[in-house]
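What follows is one structure encoded as C-alpha cells, with my remarks underneath.
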Amino acid sequence: MQVGDSLRASTIRKVQTESSTGSVGSNRVRTTLTLCVEAIDFDSQACQLRVKGTNIQENEYVKMGAYHTIELEPNRQFTLAKKQWDSVVLERIEQACDPAWSADVAAVVMQEGLAHICLVTPSMTLTRAKVEVNIPRKRKGNCSQHDRALERFYEQVVQGIQRHINFDVVKCILVASPGFVREQFCDYMFQQAVKTDNKVLLENRSKFLQVHASSGHKYSLKEALCDPSVASRLSDTKAAGEVKALDDFYKMLQHEPDRAFYGLKQVEKANEAMAIDTLLISDELFRHQDVATRSRYVKLVDSVKENAGTVRIFSSLHVSGEQLSQLTGVAAILRFPVPELSDQEDDSSSEED
C-alpha cells in the first residue's frame, strides 16, 4: 500500500444527528468508505495497519474530501486500487499469498509408523504430507520384519521431505518425536544421503533441528515450537538470508571494493554494464511518493532479474533493512570488478558542481 492509492473498506464513523426538537446527538454507524491514501502507519505489535486519507466517493454519512482513518487487520476484507501495478508490488503479493514462499520453517512430527510433514508460516501450519506405515512389533529372536517396515517408513518420510520442502526458502526443519525416533530417523536419512550422493540433503544438514514431541500427531508440533531453544533458533529465520547478503556485501566492500557498489547512480551504472550479481534494496524505496522515482527503482529490479541477477528486498522493519538504509537503501555485489565506474562517478559529480 502506497500514498496515492485508493482503499475501500468497511469502517465505523461517528455521525452527528439532529432530532426534530433541535437536540444534537452522535451515533456510531458502520459504513463503507473509499479513501485516497495520504498516510500509512503499521503497528507491528497489534498487527494493524492504520490508513488515513480523504473520502473520494459519495457517502450518506461522510462528505467528499472529509478525512477518515481506516484500521486494517488480518482476515478483514478490503479493496486496494492503484494507478499502476508494477512488477515489484505484484511479486510481493504473490509471495505473501503463496505459503511456500512465506513458510521459512518446516517440521516433521513423527512416531514409529506415523509422520506429518508441515510448513509453518507466521499465521498458520499447513500439513503437506501424512505418512502412515504399519510397523510389526519386535518378536523375540526375530526383528527383521520390524526393521524392514521401519526402514520403509523412514524412506517414505525422506521422499516426502524432498518433495514438499523448498530448501531455497526454508531456513530450518524441525524433526520432533518421542523417544529416540528422531535420532534414528536422522541417522538413517543422512546415511542414505551419503550412499546416494544426495547433495541437497547433505548441503542443508545444518538446517535440521531435533526436538522432543509427545507423539507424531500434528498437534504435538505446538510443544516443539514452544521449546525455548527452538524459539531462539527460529527467531528471524525470514531475515537470515538478507543478513548473510548484507554481510557478504560488507566483506566485498572491505576486500574487493571494485565489486561492491552502493547509491542509486553507481548501482544503475553497474547494471548498465550487466555486472550485478546480487542487488540489495530496501522496501522503503518502493513507497517513495514520487511516482517517477519509484518507477526508477522498479526498473532497476526488473533489469537485474532479466540479466540473471539475484534481487534481495530488505524489510525496513528489520535490523538488516535499517543497516541497508544507512547505505542509501540500495547496494550491489558485482560479478566482476568495475573500477572505471567509480572514476566516472567522480567525474560526473565534479561536472555537476
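Going by the C-alpha cells order, chains are called A, B, ..., each with residues numbered from 1, while ligands are numbered from 1 in the order shown.
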| request: Quick one: everything within 10 Å of A:Lys207, counting only C-alpha atoms, minus sequence neighbours fewer than 4 positions away in the same chain. Send it as JSON, numbers by chain. | output: {"A": [105, 106, 167, 170, 171, 172, 173, 174, 201, 203]}
| message | Using DSSP assignments from the backbone, pull out every residue in stretch 128-262 of chain A that falls under helix (DSSP H, G or I) and give it to me as a ChimeraX atom specification. | response | /A:144-164,181-196,199-203,205-207,218-226,228-234,237-255,257-259
Requested write-out: C-alpha atoms of the selected residues, as a PDB file, in the first residue's frame:
```
ATOM      1  CA  SER A 144      13.692 -58.452  10.625  1.00  0.00           C
ATOM      2  CA  GLN A 145      10.043 -57.653   9.806  1.00  0.00           C
ATOM      3  CA  HIS A 146      10.027 -54.736  12.250  1.00  0.00           C
ATOM      4  CA  ASP A 147      13.326 -53.357  10.911  1.00  0.00           C
ATOM      5  CA  ARG A 148      12.275 -53.674   7.238  1.00  0.00           C
ATOM      6  CA  ALA A 149       8.955 -51.905   7.890  1.00  0.00           C
ATOM      7  CA  LEU A 150      10.728 -49.166   9.854  1.00  0.00           C
ATOM      8  CA  GLU A 151      13.212 -48.650   7.013  1.00  0.00           C
ATOM      9  CA  ARG A 152      10.343 -48.438   4.507  1.00  0.00           C
ATOM     10  CA  PHE A 153       8.649 -45.852   6.764  1.00  0.00           C
ATOM     11  CA  TYR A 154      11.830 -43.756   7.049  1.00  0.00           C
ATOM     12  CA  GLU A 155      12.327 -43.882   3.256  1.00  0.00           C
ATOM     13  CA  GLN A 156       8.782 -42.579   2.626  1.00  0.00           C
ATOM     14  CA  VAL A 157       9.338 -39.715   5.088  1.00  0.00           C
ATOM     15  CA  VAL A 158      12.628 -38.769   3.346  1.00  0.00           C
ATOM     16  CA  GLN A 159      10.824 -38.747  -0.026  1.00  0.00           C
ATOM     17  CA  GLY A 160       8.079 -36.545   1.475  1.00  0.00           C
ATOM     18  CA  ILE A 161      10.671 -34.082   2.804  1.00  0.00           C
ATOM     19  CA  GLN A 162      12.343 -33.791  -0.613  1.00  0.00           C
ATOM     20  CA  ARG A 163       9.001 -33.424  -2.403  1.00  0.00           C
ATOM     21  CA  HIS A 164       7.331 -30.846  -0.144  1.00  0.00           C
ATOM     22  CA  VAL A 181      12.762 -41.943  16.846  1.00  0.00           C
ATOM     23  CA  ARG A 182      14.094 -38.552  15.628  1.00  0.00           C
ATOM     24  CA  GLU A 183      17.756 -39.547  16.203  1.00  0.00           C
ATOM     25  CA  GLN A 184      17.293 -42.898  14.424  1.00  0.00           C
ATOM     26  CA  PHE A 185      15.464 -41.244  11.521  1.00  0.00           C
ATOM     27  CA  CYS A 186      18.092 -38.502  11.038  1.00  0.00           C
ATOM     28  CA  ASP A 187      20.902 -41.096  11.179  1.00  0.00           C
ATOM     29  CA  TYR A 188      19.119 -43.157   8.507  1.00  0.00           C
ATOM     30  CA  MET A 189      18.379 -40.095   6.308  1.00  0.00           C
ATOM     31  CA  PHE A 190      21.964 -38.816   6.223  1.00  0.00           C
ATOM     32  CA  GLN A 191      23.494 -42.290   5.837  1.00  0.00           C
ATOM     33  CA  GLN A 192      21.301 -42.784   2.758  1.00  0.00           C
ATOM     34  CA  ALA A 193      22.172 -39.280   1.525  1.00  0.00           C
ATOM     35  CA  VAL A 194      25.899 -40.166   1.665  1.00  0.00           C
ATOM     36  CA  LYS A 195      25.293 -43.502  -0.126  1.00  0.00           C
ATOM     37  CA  THR A 196      23.223 -41.924  -2.914  1.00  0.00           C
ATOM     38  CA  LYS A 199      23.726 -33.145  -2.367  1.00  0.00           C
ATOM     39  CA  VAL A 200      20.503 -31.280  -1.456  1.00  0.00           C
ATOM     40  CA  LEU A 201      20.141 -33.098   1.891  1.00  0.00           C
ATOM     41  CA  LEU A 202      23.867 -33.033   2.673  1.00  0.00           C
ATOM     42  CA  GLU A 203      24.240 -29.305   1.926  1.00  0.00           C
ATOM     43  CA  ARG A 205      22.152 -30.805   7.022  1.00  0.00           C
ATOM     44  CA  SER A 206      22.708 -27.858   9.383  1.00  0.00           C
ATOM     45  CA  LYS A 207      19.063 -26.767   8.911  1.00  0.00           C
ATOM     46  CA  LYS A 218       0.137 -32.598  14.179  1.00  0.00           C
ATOM     47  CA  TYR A 219      -0.994 -31.072  17.497  1.00  0.00           C
ATOM     48  CA  SER A 220       2.341 -32.121  19.067  1.00  0.00           C
ATOM     49  CA  LEU A 221       4.098 -29.532  16.893  1.00  0.00           C
ATOM     50  CA  LYS A 222       2.960 -26.833  19.330  1.00  0.00           C
ATOM     51  CA  GLU A 223       5.100 -28.388  22.081  1.00  0.00           C
ATOM     52  CA  ALA A 224       8.137 -28.340  19.815  1.00  0.00           C
ATOM     53  CA  LEU A 225       7.631 -24.706  18.771  1.00  0.00           C
ATOM     54  CA  CYS A 226       7.243 -23.610  22.401  1.00  0.00           C
ATOM     55  CA  PRO A 228      12.880 -22.131  24.370  1.00  0.00           C
ATOM     56  CA  SER A 229      15.904 -23.486  22.444  1.00  0.00           C
ATOM     57  CA  VAL A 230      13.730 -23.809  19.320  1.00  0.00           C
ATOM     58  CA  ALA A 231      12.260 -20.318  19.742  1.00  0.00           C
ATOM     59  CA  SER A 232      15.736 -18.742  19.795  1.00  0.00           C
ATOM     60  CA  ARG A 233      16.815 -20.755  16.746  1.00  0.00           C
ATOM     61  CA  LEU A 234      13.688 -19.826  14.766  1.00  0.00           C
ATOM     62  CA  THR A 237      14.637 -17.026  10.093  1.00  0.00           C
ATOM     63  CA  LYS A 238      12.968 -14.977   7.366  1.00  0.00           C
ATOM     64  CA  ALA A 239      15.681 -12.351   7.588  1.00  0.00           C
ATOM     65  CA  ALA A 240      18.623 -14.786   7.785  1.00  0.00           C
ATOM     66  CA  GLY A 241      19.174 -14.688   4.011  1.00  0.00           C
ATOM     67  CA  GLU A 242      19.133 -10.876   3.976  1.00  0.00           C
ATOM     68  CA  VAL A 243      21.597 -10.702   6.888  1.00  0.00           C
ATOM     69  CA  LYS A 244      24.007 -13.007   5.019  1.00  0.00           C
ATOM     70  CA  ALA A 245      23.681 -10.974   1.804  1.00  0.00           C
ATOM     71  CA  LEU A 246      24.468  -7.753   3.682  1.00  0.00           C
ATOM     72  CA  ASP A 247      27.413  -9.439   5.423  1.00  0.00           C
ATOM     73  CA  ASP A 248      28.723 -10.617   2.016  1.00  0.00           C
ATOM     74  CA  PHE A 249      28.413  -7.035   0.742  1.00  0.00           C
ATOM     75  CA  TYR A 250      30.438  -5.601   3.663  1.00  0.00           C
ATOM     76  CA  LYS A 251      33.140  -8.271   3.182  1.00  0.00           C
ATOM     77  CA  MET A 252      33.303  -7.468  -0.522  1.00  0.00           C
ATOM     78  CA  LEU A 253      33.487  -3.723   0.233  1.00  0.00           C
ATOM     79  CA  GLN A 254      36.438  -4.391   2.537  1.00  0.00           C
ATOM     80  CA  HIS A 255      38.413  -6.823   0.360  1.00  0.00           C
ATOM     81  CA  PRO A 257      35.788  -2.501  -3.227  1.00  0.00           C
ATOM     82  CA  ASP A 258      35.547  -2.527  -7.050  1.00  0.00           C
ATOM     83  CA  ARG A 259      32.917  -5.293  -6.722  1.00  0.00           C
TER      84      ARG A 259
END
```
| request: Please indicate the distance in Å from atom CA of A:Tyr61 to atom CA of A:Gly25, rounded to one decimal place. | output: 14.2 Å
Sorted per-residue table, stretch 241-345 of chain A near stretch 77-90 of chain A, closest atoms and distance, 12 Å, only C-alpha atoms, as JSON lines:
```
{"residue": "A:Ile281", "atom": "CA", "partner": "A:Val88", "partner_atom": "CA", "distance": 11.4}
{"residue": "A:Ser282", "atom": "CA", "partner": "A:Val88", "partner_atom": "CA", "distance": 11.9}
{"residue": "A:Asp283", "atom": "CA", "partner": "A:Val88", "partner_atom": "CA", "distance": 9.5}
{"residue": "A:Leu285", "atom": "CA", "partner": "A:Val88", "partner_atom": "CA", "distance": 11.2}
{"residue": "A:Phe286", "atom": "CA", "partner": "A:Val88", "partner_atom": "CA", "distance": 8.2}
{"residue": "A:Arg287", "atom": "CA", "partner": "A:Val89", "partner_atom": "CA", "distance": 10.2}
{"residue": "A:Val291", "atom": "CA", "partner": "A:Gln84", "partner_atom": "CA", "distance": 9.5}
{"residue": "A:Ala292", "atom": "CA", "partner": "A:Gln84", "partner_atom": "CA", "distance": 11.7}
{"residue": "A:Arg294", "atom": "CA", "partner": "A:Asp86", "partner_atom": "CA", "distance": 9.7}
{"residue": "A:Ser295", "atom": "CA", "partner": "A:Asp86", "partner_atom": "CA", "distance": 8.1}
{"residue": "A:Arg296", "atom": "CA", "partner": "A:Asp86", "partner_atom": "CA", "distance": 11.1}
{"residue": "A:Tyr297", "atom": "CA", "partner": "A:Val88", "partner_atom": "CA", "distance": 9.3}
{"residue": "A:Val298", "atom": "CA", "partner": "A:Val88", "partner_atom": "CA", "distance": 6.3}
{"residue": "A:Lys299", "atom": "CA", "partner": "A:Ser87", "partner_atom": "CA", "distance": 8.9}
{"residue": "A:Leu300", "atom": "CA", "partner": "A:Val88", "partner_atom": "CA", "distance": 10.5}
{"residue": "A:Val301", "atom": "CA", "partner": "A:Val88", "partner_atom": "CA", "distance": 7.7}
{"residue": "A:Asp302", "atom": "CA", "partner": "A:Ser87", "partner_atom": "CA", "distance": 7.5}
{"residue": "A:Ser303", "atom": "CA", "partner": "A:Ser87", "partner_atom": "CA", "distance": 11.2}
{"residue": "A:Lys305", "atom": "CA", "partner": "A:Ser87", "partner_atom": "CA", "distance": 11.2}
{"residue": "A:Val311", "atom": "CA", "partner": "A:Val88", "partner_atom": "CA", "distance": 10.6}
{"residue": "A:Arg312", "atom": "CA", "partner": "A:Val88", "partner_atom": "CA", "distance": 11.4}
{"residue": "A:Ile313", "atom": "CA", "partner": "A:Val88", "partner_atom": "CA", "distance": 9.4}
```
Keeping only N, CA, C and O atoms, write the selected residues as a compact mmCIF listing (two decimals), in the first residue's frame.
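In the end it all went to again_36.txt:
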```txt
# COMPACT_ATOMS: atom_id res chain seq x y z
N ILE A 281 18.16 -4.14 -1.89
CA ILE A 281 17.34 -2.92 -1.97
C ILE A 281 16.29 -2.91 -0.86
O ILE A 281 15.71 -3.95 -0.53
N SER A 282 16.07 -1.76 -0.25
CA SER A 282 15.11 -1.63 0.86
C SER A 282 13.70 -1.46 0.32
O SER A 282 13.48 -0.74 -0.66
N ASP A 283 12.73 -2.13 0.97
CA ASP A 283 11.32 -1.99 0.55
C ASP A 283 10.81 -0.57 0.75
O ASP A 283 9.81 -0.16 0.17
N LEU A 285 12.09 2.08 -0.36
CA LEU A 285 12.24 2.84 -1.60
C LEU A 285 11.04 2.68 -2.52
O LEU A 285 10.74 3.56 -3.32
N PHE A 286 10.33 1.55 -2.41
CA PHE A 286 9.15 1.32 -3.25
C PHE A 286 7.92 2.05 -2.71
O PHE A 286 6.86 2.00 -3.32
N ARG A 287 8.09 2.70 -1.56
CA ARG A 287 6.99 3.51 -1.00
C ARG A 287 7.22 5.00 -1.23
O ARG A 287 6.56 5.84 -0.63
N VAL A 291 6.19 9.18 -8.12
CA VAL A 291 5.97 8.02 -8.99
C VAL A 291 7.18 7.75 -9.89
O VAL A 291 7.59 6.60 -10.08
N ALA A 292 7.80 8.81 -10.43
CA ALA A 292 8.95 8.65 -11.33
C ALA A 292 10.13 8.00 -10.60
O ALA A 292 10.79 7.10 -11.15
N ARG A 294 9.94 6.12 -7.88
CA ARG A 294 9.54 4.74 -7.56
C ARG A 294 9.72 3.84 -8.80
O ARG A 294 10.23 2.73 -8.70
N SER A 295 9.32 4.35 -9.96
CA SER A 295 9.44 3.58 -11.21
C SER A 295 10.91 3.30 -11.53
O SER A 295 11.23 2.26 -12.11
N ARG A 296 11.77 4.21 -11.14
CA ARG A 296 13.20 4.04 -11.40
C ARG A 296 13.75 2.82 -10.64
O ARG A 296 14.53 2.03 -11.18
N TYR A 297 13.31 2.67 -9.39
CA TYR A 297 13.74 1.52 -8.58
C TYR A 297 13.15 0.22 -9.14
O TYR A 297 13.83 -0.80 -9.19
N VAL A 298 11.89 0.26 -9.55
CA VAL A 298 11.23 -0.93 -10.12
C VAL A 298 11.95 -1.35 -11.40
O VAL A 298 12.21 -2.55 -11.62
N LYS A 299 12.31 -0.38 -12.23
CA LYS A 299 13.01 -0.66 -13.49
C LYS A 299 14.36 -1.32 -13.21
O LYS A 299 14.78 -2.24 -13.92
N LEU A 300 15.04 -0.84 -12.17
CA LEU A 300 16.34 -1.41 -11.79
C LEU A 300 16.19 -2.88 -11.39
O LEU A 300 16.94 -3.74 -11.83
N VAL A 301 15.17 -3.17 -10.56
CA VAL A 301 14.91 -4.55 -10.11
C VAL A 301 14.61 -5.45 -11.31
O VAL A 301 15.17 -6.55 -11.43
N ASP A 302 13.73 -5.00 -12.20
CA ASP A 302 13.37 -5.80 -13.38
C ASP A 302 14.59 -6.09 -14.25
O ASP A 302 14.77 -7.20 -14.75
N SER A 303 15.43 -5.07 -14.42
CA SER A 303 16.60 -5.20 -15.28
C SER A 303 17.61 -6.20 -14.70
O SER A 303 18.18 -7.01 -15.43
N LYS A 305 16.98 -8.71 -12.74
CA LYS A 305 16.42 -10.07 -12.91
C LYS A 305 16.57 -10.55 -14.35
O LYS A 305 16.89 -11.72 -14.59
N VAL A 311 17.86 -10.65 -6.67
CA VAL A 311 17.36 -9.44 -6.02
C VAL A 311 16.91 -9.77 -4.60
O VAL A 311 16.11 -10.69 -4.39
N ARG A 312 17.47 -9.07 -3.62
CA ARG A 312 17.08 -9.23 -2.21
C ARG A 312 16.38 -7.96 -1.75
O ARG A 312 16.99 -6.90 -1.68
N ILE A 313 15.06 -8.07 -1.46
CA ILE A 313 14.32 -6.90 -0.97
C ILE A 313 14.28 -6.97 0.55
O ILE A 313 13.74 -7.91 1.14
```
| task | Check the smallest atom-to-atom distance from each of A:Thr31, A:Asn59, A:Phe336, A:Leu324 to A:Gly263 using only C-alpha atoms, then report the winner. | result |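 Using only C-alpha atoms, A:Gly263 sits closest to A:Leu324.
Considering the residues A:Leu72, A:Val3, A:Ala96, A:Val175 and counting only C-alpha atoms, A:Thr54 has its shortest atom-to-atom contact with A:Val3.
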| What does the distance between atom CA of A:Phe314 and atom CA of A:Leu280 come to in Å, to one decimal place? | 7.1 Å
| task | Would you mind telling me which residue in A:Lys14, A:Arg50, A:Arg139, A:Lys269 lies nearest to A:Ile70 when using only C-alpha atoms? | result | A:Arg50
